[in-house]
Amino acid sequence: QVQLVESGGGLVQAGDSLRLSCAASGGTFGNYAMGWFRRAPGKSRECVAAIDWRGRDTNYADSVEGRFTISRDNAKNTVYLQMNSLKPEDTAVYFCAAKSDAALLSPAVYMRQSEYQHWGQGTSVTVSS
């Protein structure tokens, strides 16, 4: 059973940076495509960034393009989300997700929630103005 545990959230001011981490266990991390999603208050969950299982291709939501960077360290079974120039509208609970059969397919980046089988519990990010 794949388990994902996020960390690194907190309360910051606008313009600050945070790095979220998501540690995976219980499976073969190098075979997973990974994504970071967020759910802002009163809104539905959305994908902000995703990375393929090789760590070569990434994709971002327009709202975070140029500010957020997704990366992975397969040796540490961890995916990261570096968030710079944070804005109050980035306030949300951030979740990581894993698509565990991705390595069986052509390398791809997945931005839809329905593509992912495994989810973490989330870490809260609050950005004050």
# chains A, B, ... in the order shown; residues from 1 in each chain; ligands from 1
>>> residues_around(residues="Gln13 (chain A)", least_positions_apart="2", cutoff="6 Å", atoms="only C-alpha atoms", output="short mmCIF file (atom, residue, chain, number, x, y, z; two decimals) with C-alpha atoms, in the first residue's frame")
data_model
loop_
_atom_site.label_atom_id
_atom_site.label_comp_id
_atom_site.auth_asym_id
_atom_site.auth_seq_id
_atom_site.Cartn_x
_atom_site.Cartn_y
_atom_site.Cartn_z
CA ASP A 16 7.94 34.58 1.02
CA VAL A 127 -0.14 33.33 3.04
CA SER A 128 -0.91 36.60 4.78
#
>>> residues_around(residues="Cys22 (chain A)", least_positions_apart="2", cutoff="9 Å", atoms="only C-alpha atoms", output="PyMOL selection string")
chain A and resi 4-8+20+24+77-81+95-97+120
>>> residues_around(residues="Gly55 (chain A)", least_positions_apart="6", cutoff="9 Å", atoms="only C-alpha atoms", output="VMD selection string")
chain A and resid 30 33 71 to 74
>>> write_last_selection(atoms="N, CA, C and O atoms", output="PDB file, in the first residue's frame")
ATOM      1  N   GLY A  30      10.085   5.233  -7.955  1.00  0.00           N
ATOM      2  CA  GLY A  30      10.602   5.598  -9.271  1.00  0.00           C
ATOM      3  C   GLY A  30       9.654   5.282 -10.409  1.00  0.00           C
ATOM      4  O   GLY A  30       9.850   5.775 -11.523  1.00  0.00           O
ATOM      5  N   ALA A  33       4.270   8.561 -11.483  1.00  0.00           N
ATOM      6  CA  ALA A  33       4.119   9.972 -11.812  1.00  0.00           C
ATOM      7  C   ALA A  33       3.535  10.655 -10.583  1.00  0.00           C
ATOM      8  O   ALA A  33       2.731  10.056  -9.860  1.00  0.00           O
ATOM      9  N   SER A  71       9.892  19.034  -8.276  1.00  0.00           N
ATOM     10  CA  SER A  71      11.070  18.206  -8.530  1.00  0.00           C
ATOM     11  C   SER A  71      10.925  16.925  -7.734  1.00  0.00           C
ATOM     12  O   SER A  71      10.056  16.819  -6.860  1.00  0.00           O
ATOM     13  N   ARG A  72      11.781  15.974  -8.029  1.00  0.00           N
ATOM     14  CA  ARG A  72      11.730  14.704  -7.302  1.00  0.00           C
ATOM     15  C   ARG A  72      13.132  14.173  -7.112  1.00  0.00           C
ATOM     16  O   ARG A  72      14.036  14.431  -7.931  1.00  0.00           O
ATOM     17  N   ASP A  73      13.287  13.419  -6.043  1.00  0.00           N
ATOM     18  CA  ASP A  73      14.539  12.719  -5.754  1.00  0.00           C
ATOM     19  C   ASP A  73      14.165  11.258  -5.566  1.00  0.00           C
ATOM     20  O   ASP A  73      13.667  10.868  -4.496  1.00  0.00           O
ATOM     21  N   ASN A  74      14.374  10.467  -6.589  1.00  0.00           N
ATOM     22  CA  ASN A  74      13.941   9.068  -6.523  1.00  0.00           C
ATOM     23  C   ASN A  74      14.757   8.271  -5.508  1.00  0.00           C
ATOM     24  O   ASN A  74      14.274   7.276  -4.967  1.00  0.00           O
TER      25      ASN A  74
END
>>> residues_around(residues="Arg38 (chain A)", least_positions_apart="5", cutoff="6 Å", atoms="only C-alpha atoms", output="NGL selection string")
:A and (45-46 or 92-95)
>>> select_by_dssp(residues="region 68-126 of chain A", states="strand (DSSP E)", output="PyMOL selection string")
chain A and resi 68-73+78-83+92-99+118-119+123-126
>>> closest_residue(among="A:Ser63, A:Thr123, A:Thr28, A:Asn84", to="Lys99 (chain A)", atoms="only C-alpha atoms")
A:Thr28
>>> atom_distance(atom1="CA of Trp119 (chain A)", atom2="CA of Ala14 (chain A)")
27.7 Å
>>> closest_residue(among="A:Val12, A:Leu86, A:Gly26, A:Arg39", to="Gln113 (chain A)", atoms="only C-alpha atoms")
A:Arg39
>>> residues_around(residues="Ser106 (chain A)", least_positions_apart="4", cutoff="12 Å", atoms="only C-alpha atoms", output="list in words")
Asn31, Ala33, Asp52, Trp53, Arg54, Asp57, Asp101, Ala102 and Tyr110 of chain A
>>> closest_residue(among="A:Ala98, A:Ala40, A:Cys47, A:Val64", to="Ser25 (chain A)", atoms="only C-alpha atoms")
A:Ala98
>>> closest_residue(among="A:Ser44, A:Ser124, A:Gln82, A:Ser114", to="Ser21 (chain A)", atoms="only C-alpha atoms")
A:Gln82
>>> atom_distance(atom1="CA of Asn59 (chain A)", atom2="CA of Leu105 (chain A)")
17.6 Å
>>> closest_residue(among="A:Ile51, A:Val2, A:Ala103, A:Ala23", to="Trp36 (chain A)", atoms="only C-alpha atoms")
A:Ile51
>>> select_by_dssp(residues="region 3-89 of chain A", states="helix (DSSP H, G or I)", output="list of chain:residue names")
A:Phe29, A:Gly30, A:Asn31, A:Pro88, A:Glu89
>>> write_last_selection(atoms="all heavy atoms", output="PDB file, in the first residue's frame")
ATOM      1  N   PHE A  29       8.771   4.021  -5.814  1.00  0.00           N
ATOM      2  CA  PHE A  29       8.563   5.438  -6.090  1.00  0.00           C
ATOM      3  C   PHE A  29       9.004   5.827  -7.490  1.00  0.00           C
ATOM      4  O   PHE A  29       8.372   6.647  -8.149  1.00  0.00           O
ATOM      5  CB  PHE A  29       9.308   6.270  -5.049  1.00  0.00           C
ATOM      6  CG  PHE A  29       9.159   7.753  -5.216  1.00  0.00           C
ATOM      7  CD1 PHE A  29       7.979   8.384  -4.865  1.00  0.00           C
ATOM      8  CD2 PHE A  29      10.195   8.518  -5.733  1.00  0.00           C
ATOM      9  CE1 PHE A  29       7.830   9.750  -5.020  1.00  0.00           C
ATOM     10  CE2 PHE A  29      10.069   9.878  -5.894  1.00  0.00           C
ATOM     11  CZ  PHE A  29       8.874  10.499  -5.539  1.00  0.00           C
ATOM     12  N   GLY A  30      10.085   5.233  -7.955  1.00  0.00           N
ATOM     13  CA  GLY A  30      10.602   5.598  -9.271  1.00  0.00           C
ATOM     14  C   GLY A  30       9.654   5.282 -10.409  1.00  0.00           C
ATOM     15  O   GLY A  30       9.850   5.775 -11.523  1.00  0.00           O
ATOM     16  N   ASN A  31       8.637   4.486 -10.162  1.00  0.00           N
ATOM     17  CA  ASN A  31       7.648   4.146 -11.193  1.00  0.00           C
ATOM     18  C   ASN A  31       6.439   5.081 -11.181  1.00  0.00           C
ATOM     19  O   ASN A  31       5.552   4.949 -12.027  1.00  0.00           O
ATOM     20  CB  ASN A  31       7.149   2.718 -10.997  1.00  0.00           C
ATOM     21  CG  ASN A  31       8.217   1.685 -11.302  1.00  0.00           C
ATOM     22  OD1 ASN A  31       9.232   2.004 -11.905  1.00  0.00           O
ATOM     23  ND2 ASN A  31       7.985   0.459 -10.858  1.00  0.00           N
ATOM     24  N   PRO A  88      -1.420  35.729  -1.292  1.00  0.00           N
ATOM     25  CA  PRO A  88      -2.535  35.283  -0.439  1.00  0.00           C
ATOM     26  C   PRO A  88      -3.443  34.272  -1.132  1.00  0.00           C
ATOM     27  O   PRO A  88      -3.975  33.371  -0.465  1.00  0.00           O
ATOM     28  CB  PRO A  88      -3.274  36.598  -0.155  1.00  0.00           C
ATOM     29  CG  PRO A  88      -2.202  37.645  -0.195  1.00  0.00           C
ATOM     30  CD  PRO A  88      -1.280  37.195  -1.299  1.00  0.00           C
ATOM     31  N   GLU A  89      -3.586  34.377  -2.446  1.00  0.00           N
ATOM     32  CA  GLU A  89      -4.435  33.425  -3.160  1.00  0.00           C
ATOM     33  C   GLU A  89      -3.823  32.031  -3.273  1.00  0.00           C
ATOM     34  O   GLU A  89      -4.485  31.109  -3.761  1.00  0.00           O
ATOM     35  CB  GLU A  89      -4.798  33.949  -4.560  1.00  0.00           C
ATOM     36  CG  GLU A  89      -3.616  34.406  -5.384  1.00  0.00           C
ATOM     37  CD  GLU A  89      -3.396  35.907  -5.308  1.00  0.00           C
ATOM     38  OE1 GLU A  89      -3.476  36.478  -4.187  1.00  0.00           O
ATOM     39  OE2 GLU A  89      -3.120  36.518  -6.366  1.00  0.00           O
TER      40      GLU A  89
END
>>> atom_distance(atom1="CA of His118 (chain A)", atom2="CA of Phe37 (chain A)")
12.2 Å
